[in-house]
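Enquirer: If you scroll down you'll find the structure; I have some questions about it.
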Amino acid sequence: MTTHNDTKLKKLFNLLQPNNVITAAVLDENGVSRHLRRYYQESGWIEPLGRGAYKKPGDLLEWQAGVNALQNQLNIKIHVGGLTALILHGFSHYFRLSKETIYLFSPLQTRMPNWFTNYNWNVELFQKPTSFLPENTGIKEMEIKDIKVNVSTPERAILECLFLAPQHADLVECYQVLEGLVNLKPRLVSELLSACNSVKVKRLFLYMAEKANHQWLQFLKTDKIDLGSGDRMITESGAYSSKYKITIPKELAEL
């Protein structure tokens, strides 16, 4: 006869998919208590990533499994963005990739669970809490190695790169990738720029888009984009754009 615990074990096996993360919160919701989890762990049926998350023993997890659990099990507003999103959309050939860094963006004061930040995903995690763009605009679900995660569209991702520049993104490389973004959606770009609260990002984006002479630029609703006032020194001892009142690297100005 099937016992109560046998039923719980079957439920655990149904929940614990290969190469995925299952959080304690989801196990609790499905009646798998802390006591049972400890028993299953001692029996070799589950393996902890850290406090609050588990996987199948022997599974070699990749970062997208952790991000999926954050988004869909813990409802944490985090998404893959910036350079990582552009690479996922096929623009990696524009960047010098010395090591793989996963760029994650989240609202201000978002806290990641220790099991996620401390686990060895074999990549470097870079989390940027920010409110310079709306939380949900320009984000879509994308499947990465059979695991679904929320990722910035190219329209949003290039703005995120510019937000991190020049400290964490190279402006010349940002321009080179923007040159290749010939199919951006003007309506989405306009919506993002209108809602963006970073004057630096808006000025850099428009400067680069104009320099690249993109056709979609003429369809942007620039009258709704507040570019602020006063100069912005993006880099010291660079070239000055009088139209956008920014000082940029000479290498970028000379392209």
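Chain labels follow the order of the structure tokens: the first chain is A, the next B, and so on; residue numbering restarts at 1 in every chain, and ligands are counted from 1 in their shown order.
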Could you name the residues that touch Gly31 in chain A at 12 Å or less, counting only C-alpha atoms, but leaving out those on the same chain fewer than 2 positions away, as a PyMOL selection string?
Expert: chain A and resi 4-5+7-12+15+24-29+33-37
Enquirer: Would you mind telling me which residue in A:Phe116, A:Tyr40, A:Phe105, A:Phe205 lies nearest to Ala53 in chain A when using only C-alpha atoms?
Expert: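 Residue with the minimum atom-to-atom distance to Ala53 in chain A: A:Phe116.
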Enquirer: Mind checking which residues fall within 7 Å of Val80 in chain A, counting only C-alpha atoms, ignoring those fewer than 2 positions away in the same chain, and posting them as a PyMOL selection string?
Expert: chain A and resi 84-85+103-105+150-152
Enquirer: Kindly export the residues of the current selection with all heavy atoms, as an mmCIF file, in the first residue's frame.
Expert:
```cif
data_model
loop_
_atom_site.group_PDB
_atom_site.id
_atom_site.type_symbol
_atom_site.label_atom_id
_atom_site.label_comp_id
_atom_site.auth_asym_id
_atom_site.auth_seq_id
_atom_site.Cartn_x
_atom_site.Cartn_y
_atom_site.Cartn_z
ATOM 1 N N THR A 84 25.154 40.338 -21.574
ATOM 2 C CA THR A 84 24.709 38.945 -21.639
ATOM 3 C C THR A 84 23.493 38.800 -22.549
ATOM 4 O O THR A 84 23.413 37.871 -23.362
ATOM 5 C CB THR A 84 24.365 38.418 -20.238
ATOM 6 O OG1 THR A 84 25.465 38.652 -19.360
ATOM 7 C CG2 THR A 84 24.064 36.926 -20.276
ATOM 8 N N ALA A 85 22.542 39.723 -22.424
ATOM 9 C CA ALA A 85 21.354 39.664 -23.276
ATOM 10 C C ALA A 85 21.722 39.849 -24.745
ATOM 11 O O ALA A 85 21.205 39.150 -25.619
ATOM 12 C CB ALA A 85 20.346 40.726 -22.840
ATOM 13 N N TYR A 103 25.322 39.276 -16.642
ATOM 14 C CA TYR A 103 24.831 40.560 -16.149
ATOM 15 C C TYR A 103 23.352 40.437 -15.803
ATOM 16 O O TYR A 103 22.523 40.101 -16.655
ATOM 17 C CB TYR A 103 25.054 41.643 -17.198
ATOM 18 C CG TYR A 103 26.517 41.992 -17.379
ATOM 19 C CD1 TYR A 103 27.313 41.299 -18.280
ATOM 20 C CD2 TYR A 103 27.105 43.005 -16.611
ATOM 21 C CE1 TYR A 103 28.657 41.604 -18.429
ATOM 22 C CE2 TYR A 103 28.452 43.314 -16.755
ATOM 23 C CZ TYR A 103 29.222 42.616 -17.667
ATOM 24 O OH TYR A 103 30.564 42.909 -17.807
ATOM 25 N N LEU A 104 23.045 40.716 -14.550
ATOM 26 C CA LEU A 104 21.690 40.628 -14.041
ATOM 27 C C LEU A 104 21.252 41.993 -13.518
ATOM 28 O O LEU A 104 22.027 42.678 -12.831
ATOM 29 C CB LEU A 104 21.602 39.598 -12.913
ATOM 30 C CG LEU A 104 22.058 38.175 -13.260
ATOM 31 C CD1 LEU A 104 22.163 37.325 -11.998
ATOM 32 C CD2 LEU A 104 21.098 37.523 -14.256
ATOM 33 N N PHE A 105 20.043 42.374 -13.839
ATOM 34 C CA PHE A 105 19.504 43.661 -13.402
ATOM 35 C C PHE A 105 18.265 43.419 -12.549
ATOM 36 O O PHE A 105 17.474 42.521 -12.827
ATOM 37 C CB PHE A 105 19.155 44.534 -14.604
ATOM 38 C CG PHE A 105 20.359 45.032 -15.361
ATOM 39 C CD1 PHE A 105 21.036 44.194 -16.240
ATOM 40 C CD2 PHE A 105 20.828 46.326 -15.191
ATOM 41 C CE1 PHE A 105 22.149 44.644 -16.934
ATOM 42 C CE2 PHE A 105 21.938 46.789 -15.880
ATOM 43 C CZ PHE A 105 22.598 45.949 -16.754
ATOM 44 N N ASN A 150 13.790 35.288 -18.104
ATOM 45 C CA ASN A 150 13.437 36.603 -18.624
ATOM 46 C C ASN A 150 14.706 37.366 -18.995
ATOM 47 O O ASN A 150 15.626 37.483 -18.189
ATOM 48 C CB ASN A 150 12.634 37.390 -17.588
ATOM 49 C CG ASN A 150 11.274 36.765 -17.325
ATOM 50 O OD1 ASN A 150 10.695 36.146 -18.209
ATOM 51 N ND2 ASN A 150 10.774 36.909 -16.111
ATOM 52 N N VAL A 151 14.721 37.875 -20.226
ATOM 53 C CA VAL A 151 15.920 38.492 -20.800
ATOM 54 C C VAL A 151 15.533 39.825 -21.440
ATOM 55 O O VAL A 151 14.456 39.956 -22.031
ATOM 56 C CB VAL A 151 16.541 37.564 -21.868
ATOM 57 C CG1 VAL A 151 17.759 38.206 -22.518
ATOM 58 C CG2 VAL A 151 16.921 36.216 -21.251
ATOM 59 N N SER A 152 16.419 40.807 -21.353
ATOM 60 C CA SER A 152 16.182 42.082 -22.021
ATOM 61 C C SER A 152 16.158 41.901 -23.534
ATOM 62 O O SER A 152 16.936 41.125 -24.094
ATOM 63 C CB SER A 152 17.290 43.090 -21.671
ATOM 64 O OG SER A 152 17.230 43.475 -20.324
#
```
Enquirer: Pick the closest to Glu141 in chain A from A:Pro113, A:Gly81, A:Gly52, A:Gly180: which is it, counting only C-alpha atoms?
Expert: A:Gly81
Enquirer: Which residues come within 9 Å of Ala209 in chain A, counting only C-alpha atoms, excluding same-chain residues fewer than 4 positions away, as a VMD selection string?
Expert: chain A and resid 175 178 to 179 204 to 205 213 to 214 216 to 217
Enquirer: At a cut-off of 8 Å, using only C-alpha atoms, what residues contact Cys196 in chain A? Leave out same-chain residues fewer than 6 positions from it and give the result as an mmCIF file with N, CA and C atoms, in the first residue's frame.
Expert:
```cif
data_model
loop_
_atom_site.group_PDB
_atom_site.id
_atom_site.type_symbol
_atom_site.label_atom_id
_atom_site.label_comp_id
_atom_site.auth_asym_id
_atom_site.auth_seq_id
_atom_site.Cartn_x
_atom_site.Cartn_y
_atom_site.Cartn_z
ATOM 1 N N PHE A 132 16.740 52.845 -13.362
ATOM 2 C CA PHE A 132 16.845 53.819 -14.451
ATOM 3 C C PHE A 132 15.895 53.515 -15.609
ATOM 4 N N LEU A 133 15.346 52.300 -15.646
ATOM 5 C CA LEU A 133 14.327 51.929 -16.624
ATOM 6 C C LEU A 133 13.148 51.266 -15.900
ATOM 7 N N PRO A 134 11.942 51.294 -16.497
ATOM 8 C CA PRO A 134 10.800 50.602 -15.887
ATOM 9 C C PRO A 134 11.088 49.110 -15.740
ATOM 10 N N LYS A 202 20.598 58.378 -22.235
ATOM 11 C CA LYS A 202 19.811 58.922 -23.351
ATOM 12 C C LYS A 202 20.687 59.699 -24.323
#
```
Enquirer: Find, counting only C-alpha atoms, the residue in A:Gly58, A:Pro129, A:Pro249, A:Gly138 that gets nearest to Glu191 in chain A.
Expert: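 Residue with the minimum atom-to-atom distance to Glu191 in chain A: A:Gly138.
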Enquirer: Could you tell me, as a count of residues only, which residues of range 7-200 of chain A DSSP assigns to alpha helix (DSSP H) when given the backbone?
Expert: 78
Enquirer: Please identify all polymer residues within 12 Å of Thr153 in chain A, counting only C-alpha atoms, omitting same-chain residues fewer than 6 positions from it, and present them as a compact mmCIF listing (two decimals) with all heavy atoms, in the first residue's frame.
Expert:
```txt
# COMPACT_ATOMS: atom_id res chain seq x y z
N HIS A 79 16.30 40.08 -14.06
CA HIS A 79 16.34 39.62 -15.44
C HIS A 79 17.76 39.67 -15.97
O HIS A 79 18.63 40.36 -15.43
CB HIS A 79 15.41 40.44 -16.34
CG HIS A 79 15.86 41.86 -16.54
ND1 HIS A 79 15.53 42.88 -15.67
CD2 HIS A 79 16.62 42.43 -17.51
CE1 HIS A 79 16.07 44.01 -16.09
NE2 HIS A 79 16.74 43.78 -17.21
N VAL A 80 18.00 38.91 -17.02
CA VAL A 80 19.30 38.89 -17.69
C VAL A 80 19.34 40.07 -18.65
O VAL A 80 18.42 40.26 -19.45
CB VAL A 80 19.50 37.57 -18.46
CG1 VAL A 80 20.87 37.53 -19.12
CG2 VAL A 80 19.31 36.37 -17.53
N GLY A 81 20.39 40.89 -18.56
CA GLY A 81 20.41 42.10 -19.38
C GLY A 81 21.79 42.46 -19.87
O GLY A 81 22.73 41.68 -19.77
N GLY A 82 21.90 43.67 -20.39
CA GLY A 82 23.18 44.20 -20.82
C GLY A 82 23.89 43.33 -21.83
O GLY A 82 23.30 42.80 -22.77
N LEU A 83 25.19 43.18 -21.62
CA LEU A 83 26.03 42.42 -22.54
C LEU A 83 25.56 40.97 -22.69
O LEU A 83 25.55 40.42 -23.79
CB LEU A 83 27.47 42.46 -22.06
CG LEU A 83 28.49 41.57 -22.78
CD1 LEU A 83 28.52 41.89 -24.26
CD2 LEU A 83 29.86 41.72 -22.17
N THR A 84 25.15 40.34 -21.57
CA THR A 84 24.71 38.94 -21.64
C THR A 84 23.49 38.80 -22.55
O THR A 84 23.41 37.87 -23.36
CB THR A 84 24.36 38.42 -20.24
OG1 THR A 84 25.47 38.65 -19.36
CG2 THR A 84 24.06 36.93 -20.28
N ALA A 85 22.54 39.72 -22.42
CA ALA A 85 21.35 39.66 -23.28
C ALA A 85 21.72 39.85 -24.75
O ALA A 85 21.20 39.15 -25.62
CB ALA A 85 20.35 40.73 -22.84
N LEU A 86 22.63 40.78 -25.03
CA LEU A 86 23.04 41.01 -26.41
C LEU A 86 23.72 39.77 -26.99
O LEU A 86 23.52 39.43 -28.16
CB LEU A 86 23.97 42.22 -26.49
CG LEU A 86 23.27 43.57 -26.25
CD1 LEU A 86 24.31 44.67 -26.06
CD2 LEU A 86 22.33 43.92 -27.40
N ILE A 87 24.52 39.11 -26.18
CA ILE A 87 25.16 37.87 -26.63
C ILE A 87 24.11 36.80 -26.92
O ILE A 87 24.17 36.11 -27.94
CB ILE A 87 26.17 37.37 -25.57
CG1 ILE A 87 27.38 38.31 -25.52
CG2 ILE A 87 26.62 35.94 -25.87
CD1 ILE A 87 28.33 38.01 -24.38
N LEU A 88 23.11 36.68 -26.05
CA LEU A 88 22.06 35.70 -26.25
C LEU A 88 21.24 36.00 -27.51
O LEU A 88 20.70 35.09 -28.14
CB LEU A 88 21.13 35.65 -25.04
CG LEU A 88 21.75 35.07 -23.75
CD1 LEU A 88 20.81 35.27 -22.57
CD2 LEU A 88 22.06 33.58 -23.94
N HIS A 89 21.19 37.27 -27.90
CA HIS A 89 20.48 37.65 -29.11
C HIS A 89 21.37 37.59 -30.35
O HIS A 89 20.94 37.96 -31.45
CB HIS A 89 19.89 39.05 -28.97
CG HIS A 89 18.71 39.14 -28.05
ND1 HIS A 89 17.53 38.51 -28.31
CD2 HIS A 89 18.55 39.78 -26.85
CE1 HIS A 89 16.66 38.76 -27.32
NE2 HIS A 89 17.26 39.52 -26.42
N GLY A 90 22.62 37.14 -30.17
CA GLY A 90 23.47 36.89 -31.33
C GLY A 90 24.46 37.97 -31.68
O GLY A 90 24.98 37.99 -32.80
N ASN A 136 9.33 46.33 -16.24
CA ASN A 136 8.81 45.30 -17.14
C ASN A 136 8.90 45.64 -18.62
O ASN A 136 8.57 44.80 -19.46
CB ASN A 136 7.35 45.00 -16.78
CG ASN A 136 7.19 44.51 -15.35
OD1 ASN A 136 7.96 43.67 -14.90
ND2 ASN A 136 6.22 45.05 -14.64
N THR A 137 9.34 46.82 -18.98
CA THR A 137 9.36 47.22 -20.38
C THR A 137 10.60 46.68 -21.08
O THR A 137 11.72 46.82 -20.59
CB THR A 137 9.35 48.76 -20.50
OG1 THR A 137 8.24 49.28 -19.77
CG2 THR A 137 9.24 49.19 -21.95
N GLY A 138 10.39 46.05 -22.23
CA GLY A 138 11.53 45.55 -23.00
C GLY A 138 12.16 44.30 -22.43
O GLY A 138 13.37 44.10 -22.54
N ILE A 139 11.36 43.44 -21.83
CA ILE A 139 11.84 42.17 -21.29
C ILE A 139 10.97 41.05 -21.85
O ILE A 139 9.75 41.17 -21.89
CB ILE A 139 11.80 42.16 -19.75
CG1 ILE A 139 12.75 43.23 -19.19
CG2 ILE A 139 12.17 40.79 -19.19
CD1 ILE A 139 12.67 43.40 -17.70
N LYS A 140 11.61 39.98 -22.30
CA LYS A 140 10.86 38.86 -22.87
C LYS A 140 11.41 37.54 -22.35
O LYS A 140 12.54 37.47 -21.88
CB LYS A 140 10.96 38.89 -24.40
CG LYS A 140 12.37 38.74 -24.92
CD LYS A 140 12.44 38.85 -26.44
CE LYS A 140 11.79 37.67 -27.12
NZ LYS A 140 11.94 37.70 -28.59
N GLU A 141 10.58 36.52 -22.42
CA GLU A 141 11.02 35.19 -22.00
C GLU A 141 11.82 34.55 -23.12
O GLU A 141 11.47 34.64 -24.29
CB GLU A 141 9.81 34.33 -21.65
CG GLU A 141 10.16 33.02 -20.98
CD GLU A 141 8.94 32.24 -20.55
OE1 GLU A 141 8.20 31.76 -21.44
OE2 GLU A 141 8.70 32.11 -19.34
N MET A 142 12.92 33.89 -22.73
CA MET A 142 13.81 33.27 -23.71
C MET A 142 14.23 31.91 -23.17
O MET A 142 14.44 31.74 -21.97
CB MET A 142 15.03 34.17 -23.90
CG MET A 142 15.91 33.84 -25.07
SD MET A 142 17.19 35.13 -25.27
CE MET A 142 17.90 34.62 -26.82
N LEU A 159 20.76 49.85 -23.88
CA LEU A 159 20.66 50.93 -22.89
C LEU A 159 21.30 50.50 -21.57
O LEU A 159 21.95 51.31 -20.89
CB LEU A 159 19.20 51.32 -22.67
CG LEU A 159 18.45 51.90 -23.86
CD1 LEU A 159 17.02 52.25 -23.49
CD2 LEU A 159 19.16 53.13 -24.42
N GLU A 160 21.14 49.25 -21.20
CA GLU A 160 21.76 48.75 -19.97
C GLU A 160 23.28 48.74 -20.10
O GLU A 160 24.00 49.04 -19.13
CB GLU A 160 21.22 47.36 -19.65
CG GLU A 160 19.76 47.38 -19.24
CD GLU A 160 19.11 46.01 -19.17
OE1 GLU A 160 19.58 45.08 -19.87
OE2 GLU A 160 18.10 45.87 -18.45
N LEU A 181 22.59 47.00 -34.76
CA LEU A 181 21.19 46.88 -34.35
C LEU A 181 20.30 47.61 -35.36
O LEU A 181 19.68 48.64 -35.07
CB LEU A 181 21.00 47.45 -32.94
CG LEU A 181 21.77 46.74 -31.83
CD1 LEU A 181 21.57 47.43 -30.49
CD2 LEU A 181 21.37 45.27 -31.73
N ASN A 183 17.55 46.58 -36.74
CA ASN A 183 16.12 46.23 -36.72
C ASN A 183 15.45 46.56 -35.39
O ASN A 183 14.46 45.91 -35.03
CB ASN A 183 15.94 44.75 -37.05
CG ASN A 183 16.36 44.40 -38.47
OD1 ASN A 183 16.04 45.13 -39.40
ND2 ASN A 183 17.08 43.30 -38.62
N LEU A 184 15.97 47.54 -34.68
CA LEU A 184 15.31 47.92 -33.43
C LEU A 184 13.91 48.46 -33.71
O LEU A 184 13.64 49.06 -34.75
CB LEU A 184 16.13 48.98 -32.70
CG LEU A 184 17.50 48.57 -32.15
CD1 LEU A 184 18.06 49.66 -31.25
CD2 LEU A 184 17.44 47.25 -31.40
N LYS A 185 13.02 48.22 -32.75
CA LYS A 185 11.63 48.67 -32.89
C LYS A 185 11.51 50.10 -32.38
O LYS A 185 11.68 50.34 -31.17
CB LYS A 185 10.71 47.74 -32.10
CG LYS A 185 10.74 46.30 -32.59
CD LYS A 185 9.92 45.38 -31.69
CE LYS A 185 10.02 43.93 -32.17
NZ LYS A 185 9.31 43.01 -31.25
N LEU A 188 9.30 50.74 -29.24
CA LEU A 188 9.86 50.28 -27.97
C LEU A 188 11.03 51.16 -27.54
O LEU A 188 11.17 51.49 -26.36
CB LEU A 188 10.30 48.81 -28.09
CG LEU A 188 10.92 48.18 -26.84
CD1 LEU A 188 10.01 48.33 -25.63
CD2 LEU A 188 11.24 46.71 -27.09
N VAL A 189 11.87 51.53 -28.50
CA VAL A 189 13.00 52.42 -28.17
C VAL A 189 12.47 53.74 -27.61
O VAL A 189 12.97 54.25 -26.60
CB VAL A 189 13.88 52.67 -29.41
CG1 VAL A 189 14.94 53.72 -29.09
CG2 VAL A 189 14.55 51.38 -29.85
N LEU A 192 11.16 53.27 -24.06
CA LEU A 192 12.25 53.11 -23.09
C LEU A 192 12.96 54.44 -22.83
O LEU A 192 13.24 54.79 -21.68
CB LEU A 192 13.25 52.07 -23.60
CG LEU A 192 12.78 50.61 -23.53
CD1 LEU A 192 13.69 49.72 -24.37
CD2 LEU A 192 12.75 50.11 -22.09
```
Enquirer: Near Asn120 in chain A, within 10 Å and counting only C-alpha atoms, which residues show up once chain neighbours fewer than 6 positions away are dropped, as a list in words?
Expert: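 With the cut-off at 10 Å, the set is Leu49, Leu61, Glu62 and Trp63 of chain A.
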Enquirer: Which residue is closest to Pro166 in chain A? Choose from A:Glu254, A:Glu236, A:Asp231, A:Asp6 and count only C-alpha atoms.
Expert: A:Glu236
Enquirer: How would you write, as a count of residues only, the set of residues in range 62-242 of chain A that DSSP gives as strand (DSSP E)?
Expert: 31
Enquirer: Between A:Ile144, A:Leu60, A:Leu206, A:Leu255, single out the one closest to Ser190 in chain A, counting only C-alpha atoms.
Expert: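 Nearest candidate to Ser190 in chain A out of A:Ile144, A:Leu60, A:Leu206, A:Leu255: A:Leu206.
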